[in-house]
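Participant: Okay, so here is data-v8.cif, and as you'll see once you scroll down, it has mmCIF, C-alpha atoms and all ligand atoms.
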data_start
#
loop_
_atom_site.group_PDB
_atom_site.id
_atom_site.type_symbol
_atom_site.label_atom_id
_atom_site.label_comp_id
_atom_site.auth_asym_id
_atom_site.auth_seq_id
_atom_site.Cartn_x
_atom_site.Cartn_y
_atom_site.Cartn_z
ATOM 1 C CA MET A 121 117.690 85.671 105.418
ATOM 2 C CA SER A 122 117.129 83.756 108.678
ATOM 3 C CA PRO A 123 113.796 81.885 109.245
ATOM 4 C CA THR A 124 112.737 84.619 111.748
ATOM 5 C CA GLU A 125 113.405 87.318 109.185
ATOM 6 C CA MET A 126 111.489 85.314 106.551
ATOM 7 C CA ALA A 127 108.458 85.114 108.892
ATOM 8 C CA ASP A 128 108.668 88.861 109.241
ATOM 9 C CA VAL A 129 108.273 89.522 105.523
ATOM 10 C CA LEU A 130 105.003 91.318 104.713
ATOM 11 C CA ILE A 131 105.300 91.374 100.943
ATOM 12 C CA ALA A 132 107.764 89.918 98.494
ATOM 13 C CA ALA A 133 108.349 89.934 94.774
ATOM 14 C CA GLU A 134 109.720 86.556 93.783
ATOM 15 C CA ASP A 135 111.594 86.494 90.501
ATOM 16 C CA VAL A 136 109.027 88.808 88.959
ATOM 17 C CA THR A 137 109.030 89.814 85.304
ATOM 18 C CA LYS A 138 106.698 92.223 83.537
ATOM 19 C CA ILE A 139 106.671 92.442 79.769
ATOM 20 C CA TYR A 140 104.426 95.008 78.091
ATOM 21 C CA ASP A 141 103.224 94.342 74.573
ATOM 22 C CA THR A 142 103.563 97.574 72.690
ATOM 23 C CA ARG A 143 103.116 98.472 69.040
ATOM 24 C CA ALA A 144 106.878 98.653 68.780
ATOM 25 C CA GLY A 145 107.150 95.131 70.228
ATOM 26 C CA PRO A 146 107.563 93.662 73.719
ATOM 27 C CA VAL A 147 109.097 95.896 76.426
ATOM 28 C CA THR A 148 110.563 94.160 79.453
ATOM 29 C CA ALA A 149 109.943 96.718 82.217
ATOM 30 C CA VAL A 150 110.821 94.420 85.141
ATOM 31 C CA ASP A 151 113.132 91.486 84.604
ATOM 32 C CA GLY A 152 113.444 88.751 87.242
ATOM 33 C CA VAL A 153 113.191 91.013 90.304
ATOM 34 C CA SER A 154 113.129 89.665 93.860
ATOM 35 C CA VAL A 155 112.644 92.069 96.784
ATOM 36 C CA GLN A 156 111.166 91.722 100.253
ATOM 37 C CA VAL A 157 109.575 94.233 102.592
ATOM 38 C CA ARG A 158 109.596 93.260 106.231
ATOM 39 C CA ARG A 159 106.949 94.415 108.701
ATOM 40 C CA GLY A 160 107.580 97.964 109.890
ATOM 41 C CA GLU A 161 110.381 98.442 107.397
ATOM 42 C CA THR A 162 110.793 100.967 104.594
ATOM 43 C CA LEU A 163 112.304 99.639 101.398
ATOM 44 C CA GLY A 164 113.632 102.379 99.149
ATOM 45 C CA VAL A 165 113.665 101.671 95.415
ATOM 46 C CA VAL A 166 115.983 103.906 93.406
ATOM 47 C CA GLY A 167 116.986 104.028 89.782
ATOM 48 C CA GLU A 168 116.953 106.274 86.769
ATOM 49 C CA SER A 169 113.826 107.057 84.780
ATOM 50 C CA GLY A 170 112.636 103.964 82.917
ATOM 51 C CA SER A 171 114.426 101.504 85.210
ATOM 52 C CA GLY A 172 111.128 99.831 86.146
ATOM 53 C CA LYS A 173 110.390 101.336 89.573
ATOM 54 C CA SER A 174 106.751 102.291 88.928
ATOM 55 C CA THR A 175 106.045 98.990 87.235
ATOM 56 C CA LEU A 176 107.406 97.164 90.277
ATOM 57 C CA ALA A 177 105.151 99.329 92.486
ATOM 58 C CA ARG A 178 102.084 98.418 90.426
ATOM 59 C CA LEU A 179 102.994 94.736 90.545
ATOM 60 C CA LEU A 180 103.420 94.836 94.338
ATOM 61 C CA MET A 181 100.026 96.532 94.666
ATOM 62 C CA GLY A 182 98.405 93.894 92.473
ATOM 63 C CA LEU A 183 97.318 96.588 90.023
ATOM 64 C CA GLN A 184 98.896 94.577 87.212
ATOM 65 C CA PRO A 185 99.678 90.863 87.071
ATOM 66 C CA PRO A 186 103.291 89.851 86.515
ATOM 67 C CA THR A 187 104.121 88.118 83.241
ATOM 68 C CA ASP A 188 106.246 85.686 85.241
ATOM 69 C CA GLY A 189 107.100 85.095 88.903
ATOM 70 C CA ARG A 190 104.814 85.977 91.810
ATOM 71 C CA ILE A 191 104.005 88.567 94.436
ATOM 72 C CA VAL A 192 103.480 87.079 97.883
ATOM 73 C CA PHE A 193 101.568 89.054 100.522
ATOM 74 C CA GLY A 194 101.687 87.484 103.986
ATOM 75 C CA ASP A 195 102.185 83.928 102.843
ATOM 76 C CA ARG A 196 99.903 83.899 99.797
ATOM 77 C CA ASP A 197 100.384 84.553 96.115
ATOM 78 C CA LEU A 198 98.512 87.752 95.229
ATOM 79 C CA ALA A 199 97.103 85.951 92.183
ATOM 80 C CA SER A 200 95.174 83.579 94.481
ATOM 81 C CA TYR A 201 93.060 86.381 96.014
ATOM 82 C CA ARG A 202 89.589 86.698 94.480
ATOM 83 C CA GLY A 203 86.416 88.752 95.014
ATOM 84 C CA LYS A 204 85.783 89.637 98.656
ATOM 85 C CA GLU A 205 89.242 88.490 99.699
ATOM 86 C CA MET A 206 90.809 90.793 97.145
ATOM 87 C CA ARG A 207 88.656 93.678 98.406
ATOM 88 C CA ARG A 208 89.846 93.011 101.939
ATOM 89 C CA LEU A 209 93.440 92.778 100.762
ATOM 90 C CA ARG A 210 93.112 96.105 98.951
ATOM 91 C CA GLN A 211 92.441 97.779 102.300
ATOM 92 C CA ARG A 212 95.749 96.501 103.641
ATOM 93 C CA MET A 213 97.875 98.135 100.939
ATOM 94 C CA GLN A 214 97.560 101.698 99.714
ATOM 95 C CA MET A 215 99.451 103.889 97.325
ATOM 96 C CA VAL A 216 100.567 107.527 97.297
ATOM 97 C CA PHE A 217 101.353 108.924 93.863
ATOM 98 C CA GLN A 218 103.574 111.672 92.524
ATOM 99 C CA SER A 219 100.673 113.931 91.660
ATOM 100 C CA PRO A 220 98.204 114.309 94.550
ATOM 101 C CA LEU A 221 95.564 115.709 92.206
ATOM 102 C CA GLY A 222 95.615 112.376 90.386
ATOM 103 C CA SER A 223 94.166 110.688 93.490
ATOM 104 C CA LEU A 224 91.878 113.514 94.666
ATOM 105 C CA LEU A 225 88.637 114.028 92.789
ATOM 106 C CA PRO A 226 88.011 117.737 92.114
ATOM 107 C CA HIS A 227 84.426 117.697 93.388
ATOM 108 C CA PHE A 228 85.296 115.997 96.696
ATOM 109 C CA SER A 229 86.261 118.253 99.611
ATOM 110 C CA ALA A 230 89.305 117.284 101.688
ATOM 111 C CA ALA A 231 87.073 115.607 104.297
ATOM 112 C CA ALA A 232 84.977 113.853 101.645
ATOM 113 C CA ALA A 233 88.123 112.546 99.920
ATOM 114 C CA VAL A 234 89.349 110.976 103.170
ATOM 115 C CA MET A 235 85.875 109.635 104.034
ATOM 116 C CA GLU A 236 85.376 107.998 100.650
ATOM 117 C CA PRO A 237 87.439 104.802 101.168
ATOM 118 C CA LEU A 238 85.679 104.342 104.524
ATOM 119 C CA ARG A 239 82.301 104.670 102.803
ATOM 120 C CA VAL A 240 83.228 102.325 99.962
ATOM 121 C CA HIS A 241 84.329 99.667 102.451
ATOM 122 C CA GLY A 242 81.237 100.175 104.641
ATOM 123 C CA ARG A 243 83.113 101.470 107.675
ATOM 124 C CA GLY A 244 81.142 103.397 110.330
ATOM 125 C CA THR A 245 78.346 105.923 109.986
ATOM 126 C CA LYS A 246 78.535 109.135 107.989
ATOM 127 C CA GLN A 247 79.137 111.006 111.220
ATOM 128 C CA SER A 248 81.887 108.686 112.463
ATOM 129 C CA ARG A 249 83.531 108.708 109.035
ATOM 130 C CA ARG A 250 83.638 112.494 109.087
ATOM 131 C CA GLN A 251 85.070 112.435 112.610
ATOM 132 C CA ARG A 252 87.762 109.975 111.466
ATOM 133 C CA ALA A 253 88.528 112.117 108.406
ATOM 134 C CA ILE A 254 89.007 115.181 110.604
ATOM 135 C CA GLU A 255 91.359 113.200 112.876
ATOM 136 C CA LEU A 256 93.357 111.987 109.872
ATOM 137 C CA LEU A 257 93.606 115.485 108.404
ATOM 138 C CA GLU A 258 94.938 116.683 111.763
ATOM 139 C CA LEU A 259 97.386 113.779 111.859
ATOM 140 C CA VAL A 260 98.884 114.755 108.500
ATOM 141 C CA GLY A 261 98.986 118.470 109.342
ATOM 142 C CA VAL A 262 95.972 119.829 107.463
ATOM 143 C CA ASN A 263 93.967 122.352 109.471
ATOM 144 C CA PRO A 264 90.519 120.742 109.990
ATOM 145 C CA ASP A 265 88.957 124.210 109.632
ATOM 146 C CA PHE A 266 89.706 123.763 105.915
ATOM 147 C CA ALA A 267 88.158 120.276 105.731
ATOM 148 C CA ASP A 268 85.381 121.428 103.429
ATOM 149 C CA LEU A 269 87.615 123.111 100.855
ATOM 150 C CA TYR A 270 88.243 121.456 97.492
ATOM 151 C CA PRO A 271 91.628 120.086 96.343
ATOM 152 C CA THR A 272 92.472 122.972 94.034
ATOM 153 C CA GLN A 273 92.013 125.405 96.934
ATOM 154 C CA PHE A 274 95.053 123.841 98.654
ATOM 155 C CA SER A 275 98.757 124.155 97.877
ATOM 156 C CA GLY A 276 100.569 121.156 96.332
ATOM 157 C CA GLY A 277 102.057 120.176 99.690
ATOM 158 C CA GLN A 278 98.687 120.329 101.416
ATOM 159 C CA GLN A 279 97.146 118.306 98.574
ATOM 160 C CA GLN A 280 99.760 115.612 99.091
ATOM 161 C CA ARG A 281 98.992 115.604 102.834
ATOM 162 C CA ILE A 282 95.300 115.049 102.030
ATOM 163 C CA ALA A 283 96.211 112.226 99.621
ATOM 164 C CA ILE A 284 98.298 110.656 102.397
ATOM 165 C CA ALA A 285 95.401 110.997 104.886
ATOM 166 C CA ARG A 286 93.174 109.283 102.335
ATOM 167 C CA ALA A 287 95.692 106.456 101.874
ATOM 168 C CA LEU A 288 95.789 105.985 105.665
ATOM 169 C CA ALA A 289 92.010 105.959 106.153
ATOM 170 C CA LEU A 290 91.695 102.169 105.994
ATOM 171 C CA GLU A 291 94.687 101.668 108.306
ATOM 172 C CA PRO A 292 96.821 99.863 105.739
ATOM 173 C CA GLU A 293 99.823 97.765 106.698
ATOM 174 C CA LEU A 294 101.691 98.692 103.529
ATOM 175 C CA LEU A 295 102.085 102.101 101.933
ATOM 176 C CA VAL A 296 103.636 102.249 98.480
ATOM 177 C CA CYS A 297 104.840 105.785 97.729
ATOM 178 C CA ASP A 298 105.787 106.406 94.107
ATOM 179 C CA GLU A 299 107.829 109.627 93.894
ATOM 180 C CA PRO A 300 105.499 111.321 96.411
ATOM 181 C CA THR A 301 107.569 114.503 96.642
ATOM 182 C CA SER A 302 108.834 114.926 93.062
ATOM 183 C CA SER A 303 106.084 117.349 92.059
ATOM 184 C CA LEU A 304 106.694 119.629 95.064
ATOM 185 C CA ASP A 305 109.019 122.555 95.796
ATOM 186 C CA VAL A 306 112.177 121.548 97.618
ATOM 187 C CA SER A 307 111.170 123.117 100.969
ATOM 188 C CA ILE A 308 107.770 121.416 100.815
ATOM 189 C CA GLN A 309 109.411 118.112 99.863
ATOM 190 C CA ALA A 310 111.275 118.167 103.179
ATOM 191 C CA GLN A 311 108.034 118.712 105.094
ATOM 192 C CA ILE A 312 106.295 115.803 103.377
ATOM 193 C CA LEU A 313 109.308 113.566 104.014
ATOM 194 C CA ALA A 314 109.267 114.536 107.700
ATOM 195 C CA LEU A 315 105.555 113.713 107.783
ATOM 196 C CA LEU A 316 106.100 110.292 106.190
ATOM 197 C CA GLU A 317 108.957 109.608 108.583
ATOM 198 C CA ASN A 318 106.719 110.424 111.574
ATOM 199 C CA LEU A 319 103.796 108.401 110.276
ATOM 200 C CA LYS A 320 105.985 105.397 109.615
ATOM 201 C CA ASP A 321 107.250 105.479 113.217
ATOM 202 C CA GLN A 322 103.898 106.338 114.758
ATOM 203 C CA LEU A 323 101.827 103.778 112.864
ATOM 204 C CA GLY A 324 104.456 101.055 112.393
ATOM 205 C CA LEU A 325 103.767 101.037 108.657
ATOM 206 C CA SER A 326 105.679 99.002 106.136
ATOM 207 C CA CYS A 327 106.614 101.166 103.169
ATOM 208 C CA VAL A 328 107.961 100.922 99.675
ATOM 209 C CA PHE A 329 109.415 104.292 98.833
ATOM 210 C CA ILE A 330 110.211 104.891 95.194
ATOM 211 C CA SER A 331 112.394 107.776 94.137
ATOM 212 C CA HIS A 332 115.064 108.720 91.664
ATOM 213 C CA ASN A 333 116.379 110.995 94.432
ATOM 214 C CA LEU A 334 118.977 109.149 96.468
ATOM 215 C CA ALA A 335 119.069 111.743 99.249
ATOM 216 C CA VAL A 336 115.362 111.194 99.848
ATOM 217 C CA VAL A 337 115.757 107.448 99.956
ATOM 218 C CA GLU A 338 118.743 107.681 102.285
ATOM 219 C CA ARG A 339 116.641 109.652 104.725
ATOM 220 C CA LEU A 340 113.607 107.375 104.783
ATOM 221 C CA ALA A 341 114.624 103.851 103.858
ATOM 222 C CA ASP A 342 115.899 101.095 106.126
ATOM 223 C CA ARG A 343 116.978 99.102 103.093
ATOM 224 C CA VAL A 344 117.467 100.047 99.475
ATOM 225 C CA ALA A 345 117.040 98.204 96.175
ATOM 226 C CA VAL A 346 118.817 99.782 93.210
ATOM 227 C CA MET A 347 117.138 99.212 89.851
ATOM 228 C CA SER A 348 118.669 99.476 86.407
ATOM 229 C CA SER A 349 117.042 98.379 83.130
ATOM 230 C CA GLY A 350 114.348 96.383 84.916
ATOM 231 C CA THR A 351 116.666 94.467 87.217
ATOM 232 C CA VAL A 352 117.724 94.962 90.833
ATOM 233 C CA VAL A 353 121.483 95.351 90.658
ATOM 234 C CA GLU A 354 122.069 95.771 94.383
ATOM 235 C CA THR A 355 120.154 95.630 97.680
ATOM 236 C CA GLY A 356 121.425 96.398 101.137
ATOM 237 C CA ASP A 357 120.930 98.217 104.400
ATOM 238 C CA THR A 358 120.751 101.918 103.612
ATOM 239 C CA GLU A 359 123.734 102.968 105.664
ATOM 240 C CA GLN A 360 125.934 100.248 104.302
ATOM 241 C CA LEU A 361 124.841 100.684 100.709
ATOM 242 C CA PHE A 362 125.543 104.407 100.786
ATOM 243 C CA ALA A 363 128.858 103.958 102.582
ATOM 244 C CA ASP A 364 130.118 101.090 100.492
ATOM 245 C CA PRO A 365 128.223 100.627 97.200
ATOM 246 C CA GLN A 366 129.203 97.399 95.471
ATOM 247 C CA HIS A 367 127.724 97.719 92.000
ATOM 248 C CA PRO A 368 129.211 100.149 89.465
ATOM 249 C CA TYR A 369 125.716 101.434 88.644
ATOM 250 C CA THR A 370 125.045 102.286 92.319
ATOM 251 C CA ARG A 371 128.378 104.085 92.441
ATOM 252 C CA LYS A 372 127.436 106.013 89.325
ATOM 253 C CA LEU A 373 124.116 107.057 90.875
ATOM 254 C CA LEU A 374 125.843 108.126 94.077
ATOM 255 C CA ASP A 375 128.512 110.058 92.195
ATOM 256 C CA ALA A 376 125.793 111.918 90.333
ATOM 257 C CA VAL A 377 124.432 113.168 93.670
ATOM 258 C CA LEU A 378 127.679 113.699 95.519
ATOM 259 C CA PRO A 379 130.329 114.551 92.921
ATOM 260 C CA VAL A 380 133.734 113.550 94.175
ATOM 261 C CA THR A 381 135.970 116.596 94.202
ATOM 262 C CA SER A 382 139.475 115.839 93.094
ATOM 263 C CA ALA A 383 142.234 117.169 95.300
HETATM 264 N N1 LIG B 1 101.869 100.572 80.472
HETATM 265 C C1 LIG B 1 103.004 100.464 79.799
HETATM 266 N N2 LIG B 1 103.013 100.038 78.513
HETATM 267 C C2 LIG B 1 104.168 99.900 77.824
HETATM 268 N N3 LIG B 1 105.398 100.175 78.335
HETATM 269 C C3 LIG B 1 105.457 100.608 79.603
HETATM 270 C C4 LIG B 1 104.269 100.784 80.391
HETATM 271 N N4 LIG B 1 104.645 101.242 81.618
HETATM 272 C C5 LIG B 1 105.990 101.333 81.587
HETATM 273 N N5 LIG B 1 106.470 100.961 80.388
HETATM 274 C C6 LIG B 1 107.897 100.904 79.998
HETATM 275 O O1 LIG B 1 108.555 100.107 80.954
HETATM 276 C C7 LIG B 1 109.828 100.643 81.282
HETATM 277 C C8 LIG B 1 109.905 100.932 82.774
HETATM 278 O O2 LIG B 1 108.989 101.994 83.075
HETATM 279 P P1 LIG B 1 108.640 102.451 84.566
HETATM 280 O O3 LIG B 1 107.661 103.569 84.465
HETATM 281 O O4 LIG B 1 108.269 101.268 85.371
HETATM 282 O O5 LIG B 1 110.058 102.991 85.062
HETATM 283 P P2 LIG B 1 110.401 104.053 86.187
HETATM 284 O O6 LIG B 1 111.732 103.686 86.717
HETATM 285 O O7 LIG B 1 109.277 104.146 87.150
HETATM 286 O O8 LIG B 1 110.514 105.394 85.355
HETATM 287 P P3 LIG B 1 109.977 106.860 85.747
HETATM 288 O O9 LIG B 1 110.773 107.281 86.938
HETATM 289 O O10 LIG B 1 110.273 107.665 84.517
HETATM 290 O O11 LIG B 1 108.516 106.697 86.016
HETATM 291 C C9 LIG B 1 109.997 101.877 80.402
HETATM 292 O O12 LIG B 1 110.692 101.493 79.249
HETATM 293 C C10 LIG B 1 108.576 102.262 80.082
HETATM 294 O O13 LIG B 1 108.510 102.926 78.842
#
Could you spell out this file's structure in structure tokens?
Facilitator:
Amino acid sequence: MSPTEMADVLIAAEDVTKIYDTRAGPVTAVDGVSVQVRRGETLGVVGESGSGKSTLARLLMGLQPPTDGRIVFGDRDLASYRGKEMRRLRQRMQMVFQSPLGSLLPHFSAAAAVMEPLRVHGRGTKQSRRQRAIELLELVGVNPDFADLYPTQFSGGQQQRIAIARALALEPELLVCDEPTSSLDVSIQAQILALLENLKDQLGLSCVFISHNLAVVERLADRVAVMSSGTVVETGDTEQLFADPQHPYTRKLLDAVLPVTSA
């Protein structure tokens, strides 16, 4: 990477390892992984179930400390952020999960769910927070007339839109999406992907987009990291990686999606 590209890196995992202690013994979920996300870029992370994608997401978000290596946000090790600084940092990175209901409390209406991070971080008045929530719901394609309905009164796709609005409330620089469409019907998946694509362009967000679905990653990601057994086996620009995969594992993943028909 050139010095200009290095300066452009928003977040990086540097030789990061995560070992979980389990009753059955230590499990190495992430093993010496280095990835970078540049400003305004979407990094796709693909790999089979158990390859370490979600663990990497949690490490990048600072939700778990690495066993070894470091996560650098801006130019600082995440481990060096404390107290107020950590609270401020938390506003700059947000996560969207597979199951929207996991991040939406049942007794919070759509508007209240989006207002909550603004309240917690002391932003604006109740009135201005509600106004902002309505704007965000509109931005993600939820009819503001339904702002006072509760999560279970919405479809899965609409729930995910509300969860995305909530994640955007604090105007984060980084959005980490962990399988955000896997729980949705195929037609709805496409709508949520189109929404994320628009938001990314409109807001200039940096994204980490985790999916086992290569077609999804191809559509959204500028660059892709392929994970297998806790390691990154290949990274590259999306177009190039899909056109000319170098690692046998990447080829295997691609073949599983696009079976080569023999003549
Ligand atoms: N909290 C935990 N405690 C113990 N082991 C864990 C924990 N979280 C993940 N693991 C293990 O770490 C490995 C990687 O899991 P991880 O969930 O990061 O992979 P993944 O690629 O996201 O898989 P999936 O797509 O199924 O979520 C797996 O062997 C998993 O069982």
Participant: Would you mind telling me which residue in A:Ser219, A:Arg250, A:Asp141, A:Pro237 lies nearest to Gln280 of chain A when using all atoms listed in the file?
Facilitator: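 Comparing A:Ser219, A:Arg250, A:Asp141, A:Pro237 against Gln280 of chain A, the winner is A:Ser219.
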Participant: Which residues match the PyMOL selection byres (((not hetatm)) within 6 of (chain B and resi 1)) in the file above, as an MDAnalysis selection string?
Facilitator: chainID A and resid 140 142 147 149 168:175
Participant: In Å, how far is it from atom CA of Arg281 of chain A to atom CA of Val155 of chain A?
Facilitator: 27.9 Å
Participant: Select, counting all atoms listed in the file, all protein, DNA and RNA residues no farther than 10 Å from (115.0, 90.1, 91.2) in file coordinates, and express the selection as an MDAnalysis selection string.
Facilitator: chainID A and resid 133:137 150:156 189 345 347 350:355
Participant: Write the selection just made, keeping C-alpha atoms, as a tab-separated table (two decimals), keeping the file's coordinate frame?
Facilitator:
chain	number	residue	atom	x	y	z
A	133	ALA	CA	108.35	89.93	94.77
A	134	GLU	CA	109.72	86.56	93.78
A	135	ASP	CA	111.59	86.49	90.50
A	136	VAL	CA	109.03	88.81	88.96
A	137	THR	CA	109.03	89.81	85.30
A	150	VAL	CA	110.82	94.42	85.14
A	151	ASP	CA	113.13	91.49	84.60
A	152	GLY	CA	113.44	88.75	87.24
A	153	VAL	CA	113.19	91.01	90.30
A	154	SER	CA	113.13	89.66	93.86
A	155	VAL	CA	112.64	92.07	96.78
A	156	GLN	CA	111.17	91.72	100.25
A	189	GLY	CA	107.10	85.10	88.90
A	345	ALA	CA	117.04	98.20	96.18
A	347	MET	CA	117.14	99.21	89.85
A	350	GLY	CA	114.35	96.38	84.92
A	351	THR	CA	116.67	94.47	87.22
A	352	VAL	CA	117.72	94.96	90.83
A	353	VAL	CA	121.48	95.35	90.66
A	354	GLU	CA	122.07	95.77	94.38
A	355	THR	CA	120.15	95.63	97.68
Participant: Compile the contact shell of segment 308-322 of chain A as JSON, numbers by chain: residues with an atom at most 7 Å away, counting only C-alpha atoms, same-chain residues fewer than 2 positions apart removed.
Facilitator: {"A": [260, 277, 301, 304, 305, 306, 324, 325, 340]}
Participant: Quick one: pull the distance between atom CA of Ala132 of chain A and atom CA of Lys204 of chain A, Å, one decimal.
Facilitator: 22.0 Å
Participant: Using all atoms listed in the file, which residues sit within 10 Å of Cys327 of chain A once same-chain residues fewer than 2 positions away are excluded, as an NGL selection string?
Facilitator: :A and (157-164 or 213-215 or 293-297 or 316 or 320 or 324-325 or 329-330 or 340-342)
